[in-house]
file coords-v4.txt (compact mmCIF, C-alpha atoms)
# COMPACT_ATOMS: atom_id res chain seq x y z
CA MET A 624 13.22 107.46 80.78
CA LEU A 625 15.14 106.30 77.72
CA ALA A 626 15.72 102.89 79.31
CA ALA A 627 12.00 102.54 79.96
CA ALA A 628 11.27 103.33 76.31
CA ARG A 629 13.62 100.60 75.23
CA SER A 630 12.22 98.04 77.67
CA PRO A 631 11.02 94.84 75.96
CA VAL A 632 8.21 94.39 78.49
CA VAL A 633 5.52 96.30 76.57
CA PRO A 634 6.19 94.77 73.11
CA ALA A 635 6.45 91.31 74.71
CA LEU A 636 3.08 91.93 76.34
CA PHE A 637 1.72 92.87 72.92
CA VAL A 638 2.84 89.49 71.52
CA ALA A 639 1.23 87.65 74.43
CA LEU A 640 -2.02 89.56 73.93
CA ALA A 641 -1.83 88.81 70.21
CA ALA A 642 -1.57 85.08 70.97
CA VAL A 643 -4.59 85.21 73.30
CA SER A 644 -6.67 87.14 70.74
CA GLN A 645 -5.67 84.86 67.87
CA GLU A 646 -6.35 81.55 69.59
CA VAL A 647 -9.68 82.66 71.05
CA GLY A 648 -10.58 83.97 67.60
CA ALA A 649 -9.61 80.61 66.10
CA ALA A 650 -11.93 78.85 68.55
CA PHE A 651 -14.78 81.14 67.48
CA ALA A 652 -13.91 80.54 63.81
CA VAL A 653 -14.92 76.88 64.15
CA GLY A 654 -18.50 78.16 64.41
CA LEU A 655 -18.21 79.60 60.90
CA PHE A 656 -17.27 76.37 59.16
CA THR A 657 -20.84 75.08 58.74
CA ALA A 658 -22.02 78.24 56.97
CA LEU A 659 -18.84 79.35 55.22
CA GLY A 660 -16.51 76.36 55.04
CA ALA A 661 -12.83 76.65 55.91
CA VAL A 662 -11.87 78.79 52.90
CA GLY A 663 -14.96 80.93 53.33
CA ALA A 664 -13.97 81.59 56.94
CA VAL A 665 -10.48 82.65 55.80
CA PHE A 666 -12.04 84.95 53.18
CA ALA A 667 -14.36 86.54 55.77
CA ARG A 668 -11.40 87.04 58.09
CA PHE A 669 -9.29 88.74 55.41
CA LEU A 670 -12.22 90.81 54.16
CA VAL A 671 -13.00 92.19 57.61
CA ALA A 672 -9.32 92.86 58.31
CA GLY A 673 -8.77 94.48 54.91
CA LEU A 674 -11.79 96.79 55.26
CA ILE A 675 -10.99 97.84 58.83
CA LEU A 676 -7.28 98.37 58.23
CA GLY A 677 -7.89 99.97 54.83
CA VAL A 678 -10.13 102.63 56.37
CA ALA A 679 -8.00 103.11 59.49
CA VAL A 680 -4.56 103.10 57.86
CA ARG A 681 -5.29 104.23 54.28
CA PRO A 682 -2.18 102.49 52.95
CA ARG A 683 -0.19 104.05 50.16
CA VAL A 684 -0.05 101.84 47.06
CA LEU A 685 1.28 104.31 44.51
CA GLY A 686 4.97 104.86 44.14
CA LEU A 687 6.04 101.73 46.03
CA THR A 688 9.41 100.26 45.09
CA SER A 689 9.73 96.78 43.66
CA ARG A 690 11.32 95.67 46.93
CA ALA A 691 8.33 96.95 48.89
CA TRP A 692 5.89 95.15 46.57
CA LEU A 693 7.90 91.95 46.92
CA ALA A 694 7.73 92.26 50.70
CA VAL A 695 3.97 92.79 50.80
CA VAL A 696 3.26 90.02 48.27
CA ALA A 697 5.38 87.63 50.34
CA LEU A 698 3.44 88.67 53.45
CA ALA A 699 0.11 88.10 51.66
CA CYS A 700 1.18 84.68 50.35
CA THR A 701 2.44 83.44 53.71
CA LEU A 702 -0.61 84.76 55.57
CA THR A 703 -2.98 83.12 53.09
CA ALA A 704 -1.18 79.77 53.07
CA MET A 705 -0.87 79.71 56.86
CA ASN A 706 -4.54 80.52 57.49
CA VAL A 707 -6.00 78.22 54.83
CA CYS A 708 -3.95 75.26 56.06
CA PHE A 709 -4.72 76.08 59.70
CA TYR A 710 -8.48 76.30 59.17
CA PHE A 711 -8.53 73.05 57.21
CA ALA A 712 -6.61 71.50 60.10
CA LEU A 713 -9.26 72.76 62.53
CA THR A 714 -11.95 70.90 60.61
CA ARG A 715 -10.19 67.62 61.48
CA ILE A 716 -8.15 67.97 64.69
CA PRO A 717 -8.46 69.88 68.01
CA LEU A 718 -7.34 73.49 68.24
CA GLY A 719 -4.60 72.75 70.79
CA VAL A 720 -3.13 69.98 68.63
CA ALA A 721 -3.22 72.11 65.47
CA VAL A 722 -1.36 75.00 67.11
CA THR A 723 1.17 72.66 68.72
CA VAL A 724 2.13 71.27 65.31
CA GLU A 725 1.99 74.75 63.78
CA VAL A 726 4.49 76.14 66.28
CA LEU A 727 7.10 73.75 64.85
CA GLY A 728 7.50 76.31 62.05
CA PRO A 729 9.12 78.97 64.26
CA LEU A 730 10.96 76.18 66.09
CA THR A 731 12.53 74.86 62.88
CA LEU A 732 13.45 78.38 61.82
CA SER A 733 15.23 79.02 65.11
CA VAL A 734 17.10 75.72 64.80
CA LEU A 735 18.25 76.55 61.27
CA VAL A 736 19.80 79.85 62.34
CA SER A 737 21.49 78.38 65.41
CA ARG A 738 25.20 77.51 65.50
CA ARG A 739 24.88 75.37 68.62
CA ARG A 740 24.53 71.60 68.71
CA SER A 741 21.98 71.89 71.50
CA ALA A 742 19.52 73.13 68.87
CA TRP A 743 19.16 69.57 67.62
CA LEU A 744 18.31 68.46 71.15
CA TRP A 745 15.39 70.87 71.19
CA ALA A 746 14.32 69.69 67.74
CA GLY A 747 14.32 66.08 68.98
CA LEU A 748 12.26 67.08 72.01
CA ALA A 749 9.74 68.79 69.76
CA LEU A 750 9.52 65.75 67.49
CA THR A 751 8.85 63.62 70.56
CA GLY A 752 5.96 65.93 71.38
CA VAL A 753 4.56 65.64 67.86
CA ALA A 754 4.87 61.84 68.03
CA LEU A 755 2.86 61.89 71.26
CA LEU A 756 0.22 63.98 69.55
CA SER A 757 -0.07 61.50 66.70
CA LEU A 758 -0.46 58.60 69.11
CA THR A 759 -2.71 60.17 71.72
CA GLY A 760 -6.45 59.80 71.68
CA VAL A 761 -9.00 62.52 72.25
CA ARG A 762 -12.39 62.12 73.82
CA PHE A 763 -14.29 63.32 70.79
CA GLY A 764 -12.67 61.16 68.14
CA ARG A 765 -9.55 59.65 66.61
CA MET A 766 -6.69 61.90 65.51
CA ASP A 767 -6.88 62.61 61.77
CA PRO A 768 -3.54 62.31 59.89
CA VAL A 769 -4.79 64.63 57.13
CA GLY A 770 -5.47 67.26 59.76
CA LEU A 771 -1.91 66.88 61.01
CA VAL A 772 -0.61 67.39 57.46
CA PHE A 773 -2.61 70.61 57.15
CA ALA A 774 -1.22 71.73 60.52
CA ALA A 775 2.29 71.03 59.23
CA GLY A 776 1.52 73.20 56.19
CA ALA A 777 0.44 75.95 58.57
CA ALA A 778 3.78 75.53 60.36
CA VAL A 779 5.65 76.22 57.13
CA GLY A 780 3.41 79.21 56.53
CA TRP A 781 4.08 80.53 60.04
CA ALA A 782 7.84 80.37 59.54
CA GLY A 783 7.41 82.23 56.27
CA TYR A 784 5.15 84.77 57.95
CA ILE A 785 7.84 85.59 60.54
CA ILE A 786 10.37 86.20 57.79
CA ALA A 787 7.93 88.18 55.63
CA SER A 788 6.58 90.29 58.50
CA SER A 789 10.11 91.16 59.63
CA ARG A 790 10.87 92.35 56.10
CA ALA A 791 7.58 94.25 55.82
CA ALA A 792 8.11 95.94 59.19
CA THR A 793 11.25 97.60 57.81
CA ASP A 794 9.85 98.54 54.37
CA PHE A 795 6.48 99.96 55.47
CA GLY A 796 5.39 102.45 58.07
CA ASN A 797 2.52 101.85 60.47
CA LEU A 798 0.33 98.93 59.36
CA ASP A 799 0.30 99.62 55.61
CA ALA A 800 1.77 96.24 54.67
CA LEU A 801 -0.77 94.33 56.76
CA ALA A 802 -3.67 96.28 55.26
CA ILE A 803 -2.51 95.61 51.69
CA ALA A 804 -1.70 91.95 52.43
CA SER A 805 -5.15 91.41 53.96
CA MET A 806 -6.83 92.84 50.85
CA MET A 807 -4.70 90.58 48.67
CA GLY A 808 -5.63 87.58 50.80
CA ALA A 809 -9.33 88.39 50.44
CA LEU A 810 -9.00 88.65 46.65
CA ALA A 811 -7.03 85.39 46.44
CA THR A 812 -9.53 83.36 48.51
CA ALA A 813 -12.75 84.93 47.14
CA PRO A 814 -13.17 82.60 44.10
CA PHE A 815 -12.74 79.50 46.27
CA ALA A 816 -14.95 80.86 49.04
CA VAL A 817 -17.86 81.14 46.61
CA LEU A 818 -17.80 77.36 46.19
CA SER A 819 -18.00 76.62 49.92
CA VAL A 820 -20.31 79.32 51.28
CA ASP A 821 -23.97 78.58 52.04
CA PRO A 822 -25.56 81.92 50.97
CA HIS A 823 -28.66 81.57 53.15
CA ALA A 824 -26.70 80.72 56.28
CA ALA A 825 -23.96 83.26 55.58
CA LEU A 826 -26.41 86.18 55.57
CA ARG A 827 -27.83 85.44 59.01
CA TRP A 828 -26.97 88.21 61.47
CA GLU A 829 -25.32 85.84 63.94
CA VAL A 830 -23.00 84.49 61.23
CA LEU A 831 -22.16 88.01 60.05
CA GLY A 832 -21.45 89.09 63.61
CA LEU A 833 -19.28 86.04 64.23
CA GLY A 834 -17.39 86.70 61.00
CA VAL A 835 -16.60 90.26 62.07
CA THR A 836 -15.54 89.03 65.52
CA VAL A 837 -13.21 86.41 64.03
CA GLY A 838 -11.73 88.93 61.59
CA VAL A 839 -10.96 91.40 64.36
CA MET A 840 -9.69 88.87 66.91
CA SER A 841 -7.77 86.62 64.51
CA SER A 842 -6.29 89.18 62.12
CA VAL A 843 -6.66 92.86 62.97
CA ILE A 844 -5.61 92.70 66.63
CA PRO A 845 -2.91 89.97 66.62
CA TYR A 846 -1.15 90.82 63.36
CA SER A 847 -1.16 94.54 64.19
CA LEU A 848 0.35 93.90 67.63
CA GLU A 849 2.95 91.53 66.17
CA LEU A 850 4.07 93.94 63.46
CA ILE A 851 4.40 96.72 66.04
CA SER A 852 6.34 94.40 68.36
CA LEU A 853 8.74 93.29 65.64
CA ARG A 854 10.00 96.87 65.37
CA HIS A 855 11.03 96.96 69.03
CA LEU A 856 11.46 93.40 70.28
CA PRO A 857 14.50 91.12 69.74
CA GLN A 858 13.63 88.18 67.52
CA GLU A 859 14.50 85.61 70.17
CA THR A 860 12.19 87.27 72.72
CA PHE A 861 9.42 87.49 70.13
CA ALA A 862 9.69 83.76 69.44
CA VAL A 863 9.75 82.83 73.12
CA VAL A 864 6.50 84.66 73.81
CA THR A 865 4.96 83.23 70.62
CA CYS A 866 5.63 79.75 71.96
CA LEU A 867 2.85 80.29 74.48
CA SER A 868 0.39 79.76 71.63
CA PRO A 869 -0.04 75.97 72.07
CA VAL A 870 -0.92 76.38 75.74
CA ILE A 871 -3.35 79.23 75.01
CA ALA A 872 -4.90 77.24 72.15
CA ALA A 873 -5.41 74.18 74.34
CA LEU A 874 -7.09 76.30 76.99
CA ALA A 875 -9.28 78.03 74.39
CA GLY A 876 -10.26 74.68 72.87
CA TRP A 877 -11.17 73.40 76.33
CA LEU A 878 -13.10 76.47 77.54
CA ILE A 879 -14.88 77.42 74.29
CA LEU A 880 -15.14 74.20 72.27
CA GLY A 881 -15.13 71.61 75.05
CA GLN A 882 -12.14 69.83 73.47
CA HIS A 883 -10.47 67.65 76.10
CA LEU A 884 -7.19 65.92 75.24
CA ALA A 885 -5.82 62.82 76.89
CA VAL A 886 -2.98 63.35 79.37
CA THR A 887 -0.39 62.54 76.71
CA GLY A 888 -1.80 65.33 74.56
CA TYR A 889 -1.15 67.92 77.23
CA VAL A 890 2.32 66.44 77.82
CA ALA A 891 3.00 66.86 74.09
CA ILE A 892 1.96 70.52 74.25
CA VAL A 893 4.36 71.10 77.15
CA LEU A 894 7.21 69.33 75.32
CA VAL A 895 6.80 71.33 72.11
CA THR A 896 6.50 74.60 74.02
CA ALA A 897 9.61 73.82 76.08
CA ALA A 898 11.50 72.77 72.95
CA SER A 899 10.56 75.99 71.19
CA ILE A 900 11.80 78.12 74.08
CA GLY A 901 15.01 76.10 74.34
CA ALA A 902 15.69 76.35 70.61
CA VAL A 903 15.25 80.11 70.65
CA HIS A 904 17.66 80.43 73.56
CA SER A 905 20.16 78.29 71.61
CA ALA A 906 19.92 80.73 68.73
CA SER A 907 20.14 83.84 70.91
CA GLY A 908 23.91 84.05 70.54
CA ARG A 909 23.64 84.55 66.81
CA ARG A 910 22.51 87.62 64.93
CA TRP A 911 18.86 87.12 63.94
CA PRO A 912 18.05 87.24 61.12
CA PRO A 913 21.44 85.91 59.95
CA ALA A 914 23.23 87.90 57.28
CA SER A 915 23.69 84.71 55.26
CA LEU A 916 20.00 84.61 54.36
CA PRO A 917 19.02 86.49 51.17
CA TRP A 918 16.10 88.30 52.77
CA ALA A 919 18.43 89.52 55.55
CA ARG A 920 20.99 90.86 53.06
CA ALA A 921 18.28 92.73 51.17
CA GLY A 922 17.73 95.00 54.15
CA GLN A 923 21.38 95.99 54.52
call {"tool": "encode", "arguments": {"input": "coords-v4.txt", "output": "structure tokens"}}
result
Amino acid sequence: MLAAARSPVVPALFVALAAVSQEVGAAFAVGLFTALGAVGAVFARFLVAGLILGVAVRPRVLGLTSRAWLAVVALACTLTAMNVCFYFALTRIPLGVAVTVEVLGPLTLSVLVSRRRSAWLWAGLALTGVALLSLTGVRFGRMDPVGLVFAAGAAVGWAGYIIASSRAATDFGNLDALAIASMMGALATAPFAVLSVDPHAALRWEVLGLGVTVGVMSSVIPYSLELISLRHLPQETFAVVTCLSPVIAALAGWLILGQHLAVTGYVAIVLVTAASIGAVHSASGRRWPPASLPWARAGQ
């Protein structure tokens, strides 16, 4: 019975379900861009998540230590940066391509904490995949370099999110940190959302319904499942399952948005996914997070 409780199968399944929910939600989010703009879509997503989690969790904000506030602010900053960059990327490049570049964030993080030379092999394989993405054509238009830059920014944000969420999972109980971070993200993006939102279109019931759907599928469900999983799942296993995101995103872009890549685009997705899994396995022999990193020492 105790062995079953410690089994990584259930938390790994949570991460896989989080990836499916997030990428399908991202595909739906494209439908919000006309009415809300990219920043407006991020604001709607944070607002919905903050309201739902705020009511459900009722996070405690009084009496928090400075370390706890630092953890939740870091989580809010990384979440906001990751989502803003990702949505701007989606306005220019296909969903599958954006997520493939974005997953280089966790890949780079796993390479940095690895002591094995093979980690550089996986990094080279991933770079080959990204090069294929930059050269491949898509049926609905030419690849936009600015979109790739935004996707790279989302990759940095994703790496920061993994670090920040790991810290928050130890400093907060339940989903308090996610609720507070979502509210902070909504406040941070609200002034910019006002400039991009079309008020008449935003108040249509179908746009409101889509905004709620995106908020639940892209924030509430995936981030909640990931924070729960990070309390029970080894970091290397978490990263391996997360690397399914490019494949799920490509399938979601194909089924929901009708985004078909050239053959080289799908090869690139496979290369980056394989490189991510290989890099994580290279780092599996080292304590993760490493004690040499400041945020790791803070939890000791």
call {"tool": "closest_residue", "arguments": {"input": "coords-v4.txt", "among": "A:Leu687, A:Asp821, A:Trp781, A:Tyr710", "to": "Ala650 of chain A", "atoms": "only C-alpha atoms"}}
result
A:Tyr710
call {"tool": "closest_residue", "arguments": {"input": "coords-v4.txt", "among": "A:Val696, A:Ile844, A:Leu833, A:Ala749", "to": "Phe651 of chain A", "atoms": "all atoms listed in the file"}}
result
A:Leu833
call {"tool": "residues_around", "arguments": {"input": "coords-v4.txt", "residues": "Glu829 of chain A", "least_positions_apart": "6", "cutoff": "12 Å", "atoms": "all atoms listed in the file", "output": "PyMOL selection string"}}
result
chain A and resi 654-655+658+835-836
call {"tool": "closest_residue", "arguments": {"input": "coords-v4.txt", "among": "A:Leu640, A:Ala802, A:Ala782, A:Val695", "to": "Glu725 of chain A", "atoms": "all atoms listed in the file"}}
result
A:Ala782
call {"tool": "closest_residue", "arguments": {"input": "coords-v4.txt", "among": "A:Leu670, A:Ala792, A:Val665, A:Val647", "to": "Ser852 of chain A", "atoms": "all atoms listed in the file"}}
result
A:Ala792
call {"tool": "closest_residue", "arguments": {"input": "coords-v4.txt", "among": "A:Ala642, A:Val726, A:Leu755, A:Leu798", "to": "Met705 of chain A", "atoms": "only C-alpha atoms"}}
result
A:Val726
call {"tool": "closest_residue", "arguments": {"input": "coords-v4.txt", "among": "A:Ala800, A:Leu853, A:Leu713, A:Ala885", "to": "Arg683 of chain A", "atoms": "only C-alpha atoms"}}
result
A:Ala800
call {"tool": "residues_around", "arguments": {"input": "coords-v4.txt", "residues": "Pro729 of chain A", "least_positions_apart": "4", "cutoff": "8 Å", "atoms": "all atoms listed in the file", "output": "number ranges by chain"}}
result
A: 733, 778, 781-782, 785, 862, 899
call {"tool": "atom_distance", "arguments": {"input": "coords-v4.txt", "atom1": "atom CA of Ser819 of chain A", "atom2": "atom CA of Ala664 of chain A"}}
result
9.5 Å
